[in-house]
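What follows is run19.tsv (TSV, C-alpha atoms).
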```tsv
chain	number	residue	atom	x	y	z
K	1	HIS	CA	39.74	-49.51	5.28
K	2	THR	CA	43.24	-48.14	5.16
K	3	ARG	CA	44.84	-45.89	7.72
K	4	LEU	CA	47.63	-43.60	6.66
K	5	SER	CA	49.73	-41.98	9.35
K	6	LYS	CA	52.38	-39.32	9.33
K	7	TYR	CA	55.86	-39.83	10.80
K	8	ASP	CA	58.07	-36.78	11.11
K	9	TYR	CA	61.72	-37.06	10.06
K	10	ASP	CA	62.03	-40.78	10.68
K	11	LEU	CA	62.03	-43.81	8.47
K	12	ILE	CA	60.01	-46.60	10.00
K	13	ASP	CA	61.44	-50.08	9.54
K	14	PRO	CA	60.29	-52.12	7.76
K	15	TYR	CA	58.66	-50.10	5.01
K	16	THR	CA	58.06	-50.34	1.30
K	17	ALA	CA	59.04	-47.51	-1.02
K	18	LEU	CA	56.77	-46.80	-3.94
K	19	SER	CA	58.29	-45.90	-7.30
K	20	TYR	CA	55.65	-44.52	-9.66
K	21	VAL	CA	54.76	-41.68	-11.99
K	22	TRP	CA	52.61	-38.96	-10.46
K	23	GLY	CA	50.46	-38.74	-13.57
K	24	ASP	CA	47.82	-36.20	-14.47
K	25	SER	CA	47.15	-33.79	-11.59
K	26	SER	CA	43.97	-32.46	-13.21
K	27	ASP	CA	41.98	-35.51	-12.02
K	28	PRO	CA	42.84	-35.72	-8.30
K	29	ARG	CA	41.59	-38.23	-5.74
K	30	THR	CA	41.22	-37.52	-2.05
K	31	ILE	CA	42.52	-39.79	0.69
K	32	GLN	CA	42.63	-39.36	4.46
K	33	VAL	CA	45.97	-39.03	6.24
K	34	ASP	CA	45.61	-38.81	10.02
K	35	GLY	CA	41.97	-37.91	9.46
K	36	GLN	CA	42.81	-34.99	7.15
K	37	PRO	CA	41.93	-34.93	3.43
K	38	VAL	CA	44.93	-35.03	1.09
K	39	ALA	CA	44.64	-34.68	-2.68
K	40	ILE	CA	46.72	-37.15	-4.70
K	41	THR	CA	46.91	-38.07	-8.36
K	42	ARG	CA	44.81	-40.86	-9.76
K	43	ASN	CA	47.93	-42.90	-10.50
K	44	LEU	CA	49.07	-42.78	-6.86
K	45	HIS	CA	45.53	-43.60	-5.74
K	46	ASP	CA	45.49	-46.62	-8.08
K	47	ALA	CA	48.87	-47.76	-6.75
K	48	LEU	CA	47.75	-47.51	-3.12
K	49	GLU	CA	44.52	-49.30	-3.92
K	50	CYS	CA	46.40	-52.06	-5.71
K	51	LEU	CA	48.81	-52.50	-2.79
K	52	ARG	CA	46.21	-52.34	-0.03
K	53	ASP	CA	45.97	-55.53	2.02
K	54	ASP	CA	43.10	-56.02	4.46
K	55	LYS	CA	44.99	-58.75	6.31
K	56	ARG	CA	48.20	-56.96	7.28
K	57	VAL	CA	49.71	-53.57	7.98
K	58	LEU	CA	51.91	-52.18	5.25
K	59	SER	CA	54.15	-49.20	5.95
K	60	MET	CA	54.54	-47.39	2.65
K	61	TRP	CA	56.68	-44.44	1.60
K	62	ALA	CA	55.28	-42.44	-1.33
K	63	ASP	CA	56.81	-39.05	-2.08
K	64	ALA	CA	53.58	-37.18	-2.82
K	65	ILE	CA	52.23	-38.16	0.60
K	66	CYS	CA	55.40	-38.30	2.69
K	67	ILE	CA	56.88	-35.02	1.50
K	68	ASN	CA	55.01	-31.79	2.11
K	69	GLN	CA	55.03	-30.60	-1.50
K	70	SER	CA	54.05	-27.04	-0.58
K	71	ASP	CA	56.99	-26.64	1.85
K	72	ILE	CA	59.95	-25.96	-0.47
K	73	PRO	CA	62.70	-26.28	2.21
K	74	GLU	CA	61.26	-29.62	3.37
K	75	ARG	CA	60.88	-30.83	-0.21
K	76	ASN	CA	64.50	-29.91	-1.00
K	77	SER	CA	65.69	-31.63	2.17
K	78	GLN	CA	63.74	-34.80	1.33
K	79	VAL	CA	65.02	-34.89	-2.26
K	80	LYS	CA	68.57	-34.96	-0.86
K	81	GLN	CA	67.57	-38.02	1.20
K	82	MET	CA	66.02	-40.01	-1.65
K	83	GLY	CA	69.02	-42.31	-1.88
K	84	ARG	CA	68.71	-43.18	1.80
K	85	ILE	CA	64.95	-43.58	1.52
K	86	TYR	CA	65.18	-46.14	-1.29
K	87	SER	CA	68.25	-47.95	0.05
K	88	SER	CA	66.68	-48.28	3.53
K	89	ALA	CA	63.37	-49.63	2.23
K	90	THR	CA	62.75	-53.32	2.81
K	91	HIS	CA	61.13	-53.46	-0.62
K	92	THR	CA	60.51	-51.13	-3.52
K	93	VAL	CA	57.35	-51.56	-5.54
K	94	ILE	CA	57.33	-50.21	-9.08
K	95	PHE	CA	53.84	-49.23	-10.15
K	96	LEU	CA	53.59	-48.55	-13.87
K	97	ASP	CA	49.85	-47.91	-14.04
K	98	SER	CA	46.63	-49.82	-13.62
K	99	SER	CA	46.63	-50.89	-17.29
K	100	SER	CA	49.77	-53.00	-16.66
K	101	ARG	CA	48.10	-55.48	-14.32
K	102	GLY	CA	48.73	-58.29	-16.81
K	103	LEU	CA	52.50	-57.90	-16.39
K	104	ASP	CA	52.89	-61.27	-14.61
K	105	ASP	CA	51.31	-63.07	-17.57
K	106	VAL	CA	53.51	-61.20	-20.04
K	107	LEU	CA	56.66	-62.00	-18.07
K	108	ARG	CA	55.66	-65.67	-17.79
K	109	GLU	CA	55.12	-65.81	-21.56
K	110	PHE	CA	58.36	-63.92	-22.13
K	111	GLY	CA	60.16	-66.52	-20.00
K	112	GLN	CA	58.84	-69.21	-22.31
K	113	VAL	CA	60.09	-67.29	-25.33
K	114	VAL	CA	63.66	-66.92	-24.06
K	115	GLY	CA	63.86	-70.30	-22.31
K	116	ASP	CA	66.18	-73.14	-23.30
K	117	GLU	CA	63.61	-74.74	-25.57
K	118	PRO	CA	61.11	-72.11	-26.60
K	119	ASP	CA	57.81	-73.66	-27.62
K	120	ILE	CA	55.87	-70.69	-28.87
K	121	SER	CA	54.21	-69.76	-32.13
K	122	ILE	CA	54.93	-66.63	-34.13
K	123	GLU	CA	51.49	-65.30	-33.13
K	124	GLN	CA	52.26	-65.83	-29.43
K	125	LEU	CA	55.65	-64.22	-29.86
K	126	GLU	CA	54.06	-61.20	-31.53
K	127	LEU	CA	51.51	-60.94	-28.72
K	128	VAL	CA	54.23	-61.13	-26.05
K	129	TRP	CA	56.27	-58.52	-27.93
K	130	SER	CA	53.24	-56.25	-28.20
K	131	HIS	CA	52.60	-56.47	-24.43
K	132	PHE	CA	56.28	-56.02	-23.64
K	133	SER	CA	56.47	-52.95	-25.91
K	134	HIS	CA	53.41	-51.50	-24.18
K	135	ILE	CA	55.03	-51.97	-20.78
K	136	MET	CA	58.34	-50.45	-21.88
K	137	SER	CA	56.51	-47.42	-23.31
K	138	GLN	CA	55.09	-46.51	-19.89
K	139	PRO	CA	56.04	-43.04	-18.59
K	140	TRP	CA	57.85	-44.62	-15.60
K	141	PHE	CA	60.70	-45.68	-17.89
K	142	ARG	CA	61.22	-42.07	-19.01
K	143	ARG	CA	61.69	-40.70	-15.49
K	144	VAL	CA	65.17	-39.50	-14.57
K	145	TRP	CA	64.88	-40.81	-11.00
K	146	ILE	CA	64.36	-44.48	-11.90
K	147	LEU	CA	68.08	-45.23	-12.07
K	148	GLN	CA	68.58	-44.10	-8.47
K	149	GLU	CA	65.43	-45.88	-7.32
K	150	LEU	CA	66.40	-49.15	-9.04
K	151	VAL	CA	70.08	-49.16	-8.13
K	152	LEU	CA	69.59	-48.28	-4.50
K	153	SER	CA	66.60	-50.54	-3.82
K	154	LYS	CA	67.00	-53.94	-2.23
```
Exercise: express the given structure as structure tokens:
Amino acid sequence: HTRLSKYDYDLIDPYTALSYVWGDSSDPRTIQVDGQPVAITRNLHDALECLRDDKRVLSMWADAICINQSDIPERNSQVKQMGRIYSSATHTVIFLDSSSRGLDDVLREFGQVVGDEPDISIEQLELVWSHFSHIMSQPWFRRVWILQELVLSK
């Protein structure tokens, strides 16, 4: 079980900021925040599910949950604070999508390719390149906000 709680106008330390793409809003998922149902995108749901840890408490900041999207003045106020939100986070997790779960393997293979003495076949190199190209084609890399999120994160 996961418990999500609301904190008004305060950043709780330590917390992890989530950088992700909202994704398709036509296939929403429902979560409970303080016992109330909240509709979120499937991509955010997948990210939260992937990050959930039954053994410890994780304080997470995710814009679609932490910002009241239907309250325009609040949303505008929060957007102005995005730099502070990401720079104050203990960690920032980048969630591309659930199809990128093999990223660790790709990066490990990529490390072998660019190492001092690469020992990899052309077929392996093509496979690594194919995975790497898939990762770099993810919508997250086309978001305008990623520069701010990356530069300001610890």
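If you measure from each of K:Thr92, K:Gln124, K:Ser133, K:Gln36 to K:Ile146 using all atoms listed in the file, the closest one turns out to be K:Thr92.
Those DNA, RNA and protein residues that approach the point (44.2, -43.5, -5.4) to within 7 Å, considering all atoms listed in the file, are Arg29, Ile40, Thr41, Arg42, Asn43, Leu44, His45, Asp46, Ala47, Leu48 and Glu49 of chain K.
Residues within 7 Å of stretch 54-61 of chain K, counting all atoms listed in the file and excluding same-chain residues fewer than 2 positions away, are Tyr15, Thr16, Ala17, Leu18, Arg52, Asp63 and Cys66 of chain K.
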Exercise for the section: Compare K:Gly83, K:Ile31, K:Val93, K:Val38 by their minimum atom-to-atom distance to K:Gln69, counting only C-alpha atoms, and give me the closest one. Expected result: K:Val38
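Closest to K:Ala62 among K:Val128, K:Met82, K:Ser153, K:Met136 is K:Met82, based on all atoms listed in the file.
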Completion exercise
note - atom CA of K:Lys154 and atom CA of K:Thr90 are separated by 6.6 Å
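Residue nearest K:Pro139 within the list K:Ile122, K:Asp71, K:Asp13, K:Ser19: K:Ser19 [criterion: smallest interatomic distance, all atoms listed in the file].
Using all atoms listed in the file, the smallest distance between any of K:Leu96, K:Gln32, K:Ser70, K:Pro14 and K:His134 comes from K:Leu96.
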Exercise for the section: Please measure the separation of atom CA of K:Val33 and atom CA of K:Glu149, giving the value in Å to one decimal. Expected result: 24.7 Å
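Pairwise distance (atom CA of K:Gln81, atom CA of K:Arg143) equals 17.9 Å.
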Taking all listed atoms of stretch 56-61 of chain K, build the axis-aligned box, pad each of the six sides by 4 Å, then write its centre and edge lengths in Å to one decimal as JSON.
```
{"center_x": 52.4, "center_y": -50.7, "center_z": 4.8, "size_x": 16.5, "size_y": 20.5, "size_z": 14.4}
```
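Distances to K:Ala64 were evaluated for K:Ile94, K:Leu125, K:Tyr20, K:Lys80 using all atoms listed in the file, and the minimum falls at K:Tyr20.
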